[in-house]
file start17.txt (compact mmCIF, C-alpha atoms)
# COMPACT_ATOMS: atom_id res chain seq x y z
CA MET A 28 85.32 101.96 45.51
CA ALA A 29 86.73 98.70 44.15
CA ILE A 30 90.23 100.14 44.16
CA LYS A 31 89.84 101.35 47.73
CA PHE A 32 88.63 97.93 48.84
CA THR A 33 91.60 96.25 47.15
CA ASP A 34 93.99 98.64 48.88
CA LEU A 35 92.37 98.04 52.27
CA LEU A 36 92.47 94.29 51.76
CA GLU A 37 96.17 94.45 50.92
CA SER A 38 96.72 96.58 54.00
CA LEU A 39 94.95 93.95 56.07
CA ARG A 40 97.10 91.19 54.61
CA GLY A 41 100.19 93.23 55.44
CA ARG A 42 99.04 93.68 59.02
CA VAL A 43 98.45 89.94 59.35
CA ALA A 44 101.95 89.30 57.99
CA ARG A 45 103.29 91.64 60.65
CA MET A 46 101.43 89.73 63.34
CA THR A 47 102.67 86.36 62.09
CA ALA A 48 106.25 87.64 62.30
CA LEU A 49 105.67 88.64 65.92
CA VAL A 50 104.19 85.24 66.70
CA GLN A 51 107.16 83.51 65.12
CA GLN A 52 109.46 85.67 67.25
CA ILE A 53 107.70 84.92 70.52
CA VAL A 54 107.71 81.18 69.86
CA ASP A 55 111.40 81.29 68.94
CA GLN A 56 112.10 83.13 72.18
CA SER A 57 110.08 80.75 74.33
CA VAL A 58 111.81 77.72 72.84
CA GLU A 59 115.24 79.28 73.34
CA ALA A 60 114.29 80.17 76.91
CA ILE A 61 113.16 76.64 77.82
CA VAL A 62 116.03 74.87 76.06
CA ASN A 63 118.64 77.10 77.73
CA LEU A 64 116.65 77.66 80.95
CA ASP A 65 117.11 81.39 80.37
CA VAL A 66 114.95 83.15 82.98
CA ASN A 67 115.60 86.66 81.65
CA LEU A 68 114.56 85.70 78.14
CA ALA A 69 111.51 83.91 79.53
CA ASN A 70 110.42 87.08 81.36
CA ASP A 71 110.94 89.15 78.20
CA THR A 72 108.81 86.64 76.29
CA VAL A 73 105.91 86.99 78.72
CA GLN A 74 105.98 90.78 78.39
CA PHE A 75 106.22 90.59 74.58
CA ASP A 76 102.76 89.02 74.40
CA ASN A 77 101.10 92.41 74.91
CA ARG A 78 102.19 93.53 71.43
CA ILE A 79 100.63 90.47 69.84
CA ASP A 80 97.37 90.95 71.73
CA GLU A 81 97.16 94.50 70.37
CA GLU A 82 97.82 93.30 66.81
CA GLU A 83 95.18 90.57 67.13
CA VAL A 84 92.52 93.10 68.15
CA PHE A 85 93.51 95.51 65.36
CA VAL A 86 93.38 92.82 62.66
CA GLU A 87 89.99 91.56 63.81
CA LYS A 88 88.49 95.05 63.85
CA GLN A 89 89.89 95.87 60.41
CA ALA A 90 88.61 92.61 58.93
CA ILE A 91 85.12 93.04 60.39
CA ASP A 92 85.05 96.63 59.12
CA LEU A 93 85.83 95.42 55.59
CA LEU A 94 83.01 92.89 55.77
CA ALA A 95 80.52 95.46 57.03
CA ARG A 96 81.43 98.28 54.65
CA TYR A 97 82.00 96.43 51.39
CA GLN A 98 80.12 93.12 51.74
CA PRO A 99 82.65 91.27 49.55
CA ALA A 100 81.66 88.15 47.67
CA ALA A 101 83.27 84.90 46.54
CA CYS A 102 87.01 84.57 47.11
CA ASP A 103 87.39 87.92 48.92
CA LEU A 104 84.72 86.95 51.44
CA ARG A 105 86.40 83.60 51.96
CA LEU A 106 89.77 85.27 52.49
CA ILE A 107 88.55 87.82 55.02
CA THR A 108 86.59 85.31 57.08
CA THR A 109 89.65 83.05 57.08
CA ILE A 110 91.84 85.94 58.23
CA ILE A 111 89.54 86.40 61.21
CA LYS A 112 89.86 82.70 62.08
CA VAL A 113 93.62 82.38 61.67
CA ASN A 114 94.11 85.64 63.52
CA GLY A 115 92.69 83.94 66.60
CA ASP A 116 94.84 80.85 66.10
CA PHE A 117 98.02 82.90 65.81
CA GLU A 118 97.15 84.77 68.99
CA ARG A 119 96.61 81.47 70.81
CA ILE A 120 99.98 80.22 69.57
CA ALA A 121 101.50 83.27 71.26
CA ASP A 122 99.60 82.36 74.44
CA CYS A 123 101.14 78.88 74.31
CA ALA A 124 104.59 80.44 73.99
CA VAL A 125 103.89 82.52 77.09
CA ASN A 126 102.76 79.41 78.98
CA ILE A 127 106.03 77.72 78.08
CA ALA A 128 108.09 80.72 79.17
CA GLN A 129 106.28 80.88 82.50
CA ARG A 130 107.58 77.40 83.38
CA VAL A 131 111.21 78.38 82.90
CA PRO A 132 111.91 80.03 86.30
CA LEU A 133 110.77 76.95 88.25
CA LEU A 134 112.72 74.52 86.09
CA ALA A 135 115.80 76.75 86.12
CA SER A 136 115.70 76.82 89.92
CA MET A 137 116.19 73.04 89.97
CA GLY A 138 119.90 72.58 89.64
CA ASP A 139 119.64 69.03 88.32
CA TYR A 140 117.07 69.68 85.59
CA LEU A 141 118.07 68.92 82.01
CA VAL A 142 115.86 69.41 78.98
CA SER A 143 115.35 65.98 77.44
CA THR A 144 116.28 65.15 73.87
CA ASP A 145 112.62 64.47 73.05
CA LEU A 146 111.52 67.84 74.40
CA ARG A 147 114.24 69.64 72.45
CA LEU A 148 113.22 67.80 69.30
CA MET A 149 109.57 68.55 69.90
CA ALA A 150 110.26 72.24 70.47
CA ASN A 151 112.42 72.54 67.35
CA THR A 152 109.81 70.70 65.31
CA ALA A 153 107.14 73.14 66.49
CA VAL A 154 109.32 76.09 65.51
CA ALA A 155 109.84 74.65 62.02
CA THR A 156 106.14 73.81 61.66
CA LEU A 157 105.12 77.33 62.64
CA ARG A 158 107.60 78.80 60.18
CA ASP A 159 106.08 76.67 57.41
CA THR A 160 102.59 77.70 58.54
CA VAL A 161 103.45 81.39 58.42
CA ASN A 162 105.01 81.03 54.97
CA ALA A 163 102.09 78.97 53.72
CA PHE A 164 99.62 81.62 54.82
CA ASN A 165 101.53 84.69 53.67
CA LEU A 166 102.42 83.10 50.30
CA SER A 167 99.07 81.30 49.84
CA ASP A 168 101.07 78.09 49.36
CA LEU A 169 98.72 75.10 49.30
CA SER A 170 101.44 72.44 49.10
CA LEU A 171 103.24 73.90 52.11
CA ALA A 172 99.97 73.93 54.04
CA GLU A 173 99.56 70.23 53.31
CA GLN A 174 103.08 69.61 54.67
CA VAL A 175 102.07 71.34 57.90
CA LEU A 176 99.14 68.96 58.27
CA LYS A 177 101.47 65.98 58.01
CA ALA A 178 104.01 67.44 60.47
CA ASP A 179 101.47 67.42 63.28
CA ASP A 180 101.77 63.64 63.54
CA VAL A 181 105.43 64.02 64.55
CA LEU A 182 104.55 66.47 67.31
CA ASP A 183 101.77 64.21 68.60
CA ALA A 184 104.10 61.20 68.75
CA LEU A 185 106.78 63.13 70.63
CA TYR A 186 104.19 64.53 73.02
CA HIS A 187 102.86 61.11 73.94
CA GLN A 188 106.41 59.83 74.42
CA ILE A 189 107.23 62.67 76.81
CA ILE A 190 103.98 62.20 78.74
CA THR A 191 104.59 58.48 79.13
CA GLU A 192 108.13 58.98 80.40
CA SER A 193 107.19 61.79 82.77
CA LEU A 194 104.22 60.00 84.31
CA SER A 195 106.22 56.82 84.85
CA SER A 196 108.91 58.67 86.84
CA LEU A 197 106.75 60.66 89.27
CA GLU A 198 108.15 60.06 92.77
CA SER A 199 109.15 62.78 95.25
CA GLU A 200 107.51 66.20 95.45
CA HIS A 201 110.63 67.75 93.91
CA ARG A 202 110.49 65.36 90.98
CA ALA A 203 106.72 65.72 90.66
CA ASN A 204 107.01 69.50 90.25
CA ARG A 205 109.70 69.03 87.65
CA ASP A 206 107.84 66.38 85.67
CA LEU A 207 104.51 68.19 85.81
CA SER A 208 106.19 71.33 84.49
CA THR A 209 107.75 69.29 81.69
CA ILE A 210 104.32 67.88 80.84
CA MET A 211 102.83 71.38 80.70
CA VAL A 212 105.64 72.59 78.44
CA ALA A 213 105.10 69.62 76.13
CA LYS A 214 101.35 70.19 76.14
CA ASN A 215 101.74 73.79 75.05
CA ILE A 216 104.16 72.81 72.30
CA GLU A 217 101.62 70.22 71.15
CA ARG A 218 98.91 72.92 71.16
CA ILE A 219 101.09 75.09 68.92
CA GLY A 220 101.03 72.21 66.44
CA ASP A 221 97.24 71.96 66.74
CA HIS A 222 96.80 75.66 65.97
CA CYS A 223 99.17 75.33 63.01
CA THR A 224 96.96 72.50 61.77
CA ASN A 225 93.88 74.72 62.08
CA ILE A 226 95.59 77.46 60.06
CA ALA A 227 96.75 74.98 57.41
CA GLU A 228 93.20 73.68 57.05
CA ASP A 229 91.99 77.24 56.54
CA ILE A 230 94.66 77.83 53.89
CA VAL A 231 93.42 74.78 52.02
CA TYR A 232 89.90 76.21 52.24
CA VAL A 233 90.92 79.62 50.89
CA GLN A 234 92.94 78.19 48.02
CA SER A 235 90.71 75.29 46.98
CA GLY A 236 87.32 75.77 48.61
CA ARG A 237 87.64 72.37 50.30
CA ILE A 238 86.68 72.03 53.94
CA ILE A 239 88.95 69.33 55.37
CA ARG A 240 88.36 69.72 59.08
CA HIS A 241 87.77 66.38 60.83
CA LEU A 242 89.24 64.48 57.88
CA HIS A 243 92.25 62.21 58.47
CA ALA A 244 93.86 63.01 55.16
CA VAL A 245 93.88 65.90 52.75

call {"tool": "encode", "arguments": {"input": "start17.txt", "output": "structure tokens"}}
result
Amino acid sequence: MAIKFTDLLESLRGRVARMTALVQQIVDQSVEAIVNLDVNLANDTVQFDNRIDEEEVFVEKQAIDLLARYQPAACDLRLITTIIKVNGDFERIADCAVNIAQRVPLLASMGDYLVSTDLRLMANTAVATLRDTVNAFNLSDLSLAEQVLKADDVLDALYHQIITESLSSLESEHRANRDLSTIMVAKNIERIGDHCTNIAEDIVYVQSGRIIRHLHAV
């Protein structure tokens, strides 16, 4: 029975790795779509979310089944419960990517809209942070998880800069629609960083047993 449990747990980890790859792909696509104002790619990104939703449900069911059937203890219990938590965070990251993509058609329809340098930097930072988060989880890399926690400060600073600039320039209805869409894009990028932080905190918990939520430093 122990061998079967080990095999099932490895299968679960492999399925999570598959899901994280899909999440990385959808975020990459959404960022490319917003930076290039690519409506076709944005529409493809929205449709792609269905695959991730299916994976999220499968992983959750498989993890709960392992808990119910084998009642694992110690580190295995910690790992499986963490998989259930990060599974939800990865799915919400995909939702944020969809929210970003859904703003592309409106912004692309405005002939004078240009993606700001800050928004490009914020988007690229989120992509890099997610990539580190995925690697940290799949490789059980504690040091990389701690780097993810520090990277969130950069995203927060860029987000507040974009919000300040957008709110200060609200004028006509045309400009208001543009700036509000920019704010929503920035907000969803910032939320991707928040979910990466949640996952990084869970990696620290799995690897060290420390619960660092609500702490300002690791």

call {"tool": "closest_residue", "arguments": {"input": "start17.txt", "among": "A:Val66, A:Asn77, A:Asp145, A:Ile91", "to": "Leu35 (chain A)", "atoms": "all atoms listed in the file"}}
result
A:Ile91

call {"tool": "residues_around", "arguments": {"input": "start17.txt", "residues": "Ala178 (chain A)", "least_positions_apart": "3", "cutoff": "9 Å", "atoms": "only C-alpha atoms", "output": "PyMOL selection string"}}
result
chain A and resi 152-153+156+173-175+181-182+220+224

call {"tool": "residues_around", "arguments": {"input": "start17.txt", "residues": "Arg218 (chain A)", "least_positions_apart": "3", "cutoff": "9 Å", "atoms": "all atoms listed in the file", "output": "PyMOL selection string"}}
result
chain A and resi 119-120+123+213-215+221-223

call {"tool": "closest_atom_pairs", "arguments": {"input": "start17.txt", "of": "region 71-179 of chain A", "to": "region 48-62 of chain A", "cutoff": "6 Å", "atoms": "all atoms listed in the file", "output": "CSV"}}
result
residue,atom,partner,partner_atom,distance
A:Ala121,CA,A:Val50,CA,5.6
A:Ala124,CA,A:Val54,CA,5.2
A:Ala128,CA,A:Ser57,CA,5.2
A:Val131,CA,A:Ile61,CA,5.7

call {"tool": "closest_residue", "arguments": {"input": "start17.txt", "among": "A:Asn114, A:Ala135, A:Gly41, A:Arg130", "to": "Leu207 (chain A)", "atoms": "all atoms listed in the file"}}
result
A:Arg130

call {"tool": "atom_distance", "arguments": {"input": "start17.txt", "atom1": "CA of Ser170 (chain A)", "atom2": "CA of Tyr232 (chain A)"}}
result
12.5 Å

call {"tool": "atom_distance", "arguments": {"input": "start17.txt", "atom1": "CA of Glu118 (chain A)", "atom2": "CA of Ser136 (chain A)"}}
result
29.1 Å

call {"tool": "axis_aligned_box", "arguments": {"input": "start17.txt", "around": "region 173-188 of chain A", "padding_each_side": "8 Å", "output": "AutoDock Vina command-line options"}}
result
--center_x 103.0 --center_y 65.6 --center_z 63.9 --size_x 23.6 --size_y 27.5 --size_z 37.1

call {"tool": "atom_distance", "arguments": {"input": "start17.txt", "atom1": "CA of Glu192 (chain A)", "atom2": "CA of Leu157 (chain A)"}}
result
25.7 Å

call {"tool": "residues_around", "arguments": {"input": "start17.txt", "residues": "Asp229 (chain A)", "least_positions_apart": "5", "cutoff": "10 Å", "atoms": "all atoms listed in the file", "output": "JSON, numbers by chain"}}
result
{"A": [105, 106, 108, 109, 110, 112, 113, 164, 172, 223, 224, 234, 235, 236, 237, 238, 239, 240]}

call {"tool": "residues_near_point", "arguments": {"input": "start17.txt", "point": "(95.4, 94.8, 53.9)", "cutoff": "12 Å", "atoms": "only C-alpha atoms", "output": "JSON, numbers by chain"}}
result
{"A": [31, 32, 33, 34, 35, 36, 37, 38, 39, 40, 41, 42, 43, 44, 45, 85, 86, 87, 89, 90, 92, 93, 103, 106, 107, 110, 165]}

call {"tool": "closest_residue", "arguments": {"input": "start17.txt", "among": "A:Asn126, A:Asn162, A:Ile226, A:Tyr97", "to": "Ile30 (chain A)", "atoms": "all atoms listed in the file"}}
result
A:Tyr97

call {"tool": "closest_residue", "arguments": {"input": "start17.txt", "among": "A:Gln188, A:Asn151, A:Gln129, A:Asn204", "to": "Val73 (chain A)", "atoms": "only C-alpha atoms"}}
result
A:Gln129

call {"tool": "build_atoms", "arguments": {"input": "start17.txt", "residues": "region 220-231 of chain A", "atoms": "N, CA and C atoms", "output": "PDB file, in the frame of the given file"}}
result
ATOM      1  N   GLY A 220     101.231  73.042  67.633  1.00  0.00           N
ATOM      2  CA  GLY A 220     101.030  72.210  66.440  1.00  0.00           C
ATOM      3  C   GLY A 220      99.564  72.129  66.047  1.00  0.00           C
ATOM      4  N   ASP A 221      98.672  72.025  67.026  1.00  0.00           N
ATOM      5  CA  ASP A 221      97.240  71.960  66.740  1.00  0.00           C
ATOM      6  C   ASP A 221      96.755  73.247  66.062  1.00  0.00           C
ATOM      7  N   HIS A 222      97.210  74.380  66.571  1.00  0.00           N
ATOM      8  CA  HIS A 222      96.800  75.660  65.970  1.00  0.00           C
ATOM      9  C   HIS A 222      97.381  75.806  64.559  1.00  0.00           C
ATOM     10  N   CYS A 223      98.598  75.321  64.358  1.00  0.00           N
ATOM     11  CA  CYS A 223      99.170  75.330  63.010  1.00  0.00           C
ATOM     12  C   CYS A 223      98.322  74.480  62.062  1.00  0.00           C
ATOM     13  N   THR A 224      97.840  73.353  62.564  1.00  0.00           N
ATOM     14  CA  THR A 224      96.960  72.500  61.770  1.00  0.00           C
ATOM     15  C   THR A 224      95.680  73.241  61.394  1.00  0.00           C
ATOM     16  N   ASN A 225      95.096  73.943  62.362  1.00  0.00           N
ATOM     17  CA  ASN A 225      93.880  74.720  62.080  1.00  0.00           C
ATOM     18  C   ASN A 225      94.127  75.742  60.974  1.00  0.00           C
ATOM     19  N   ILE A 226      95.262  76.438  61.066  1.00  0.00           N
ATOM     20  CA  ILE A 226      95.590  77.460  60.060  1.00  0.00           C
ATOM     21  C   ILE A 226      95.803  76.815  58.698  1.00  0.00           C
ATOM     22  N   ALA A 227      96.504  75.682  58.682  1.00  0.00           N
ATOM     23  CA  ALA A 227      96.750  74.980  57.410  1.00  0.00           C
ATOM     24  C   ALA A 227      95.448  74.548  56.766  1.00  0.00           C
ATOM     25  N   GLU A 228      94.512  74.073  57.575  1.00  0.00           N
ATOM     26  CA  GLU A 228      93.200  73.680  57.050  1.00  0.00           C
ATOM     27  C   GLU A 228      92.481  74.876  56.440  1.00  0.00           C
ATOM     28  N   ASP A 229      92.615  76.038  57.077  1.00  0.00           N
ATOM     29  CA  ASP A 229      91.990  77.240  56.540  1.00  0.00           C
ATOM     30  C   ASP A 229      92.655  77.704  55.250  1.00  0.00           C
ATOM     31  N   ILE A 230      93.969  77.495  55.141  1.00  0.00           N
ATOM     32  CA  ILE A 230      94.660  77.830  53.890  1.00  0.00           C
ATOM     33  C   ILE A 230      94.155  76.964  52.760  1.00  0.00           C
ATOM     34  N   VAL A 231      93.978  75.692  53.034  1.00  0.00           N
ATOM     35  CA  VAL A 231      93.420  74.780  52.020  1.00  0.00           C
ATOM     36  C   VAL A 231      92.046  75.268  51.587  1.00  0.00           C
TER      37      VAL A 231
END
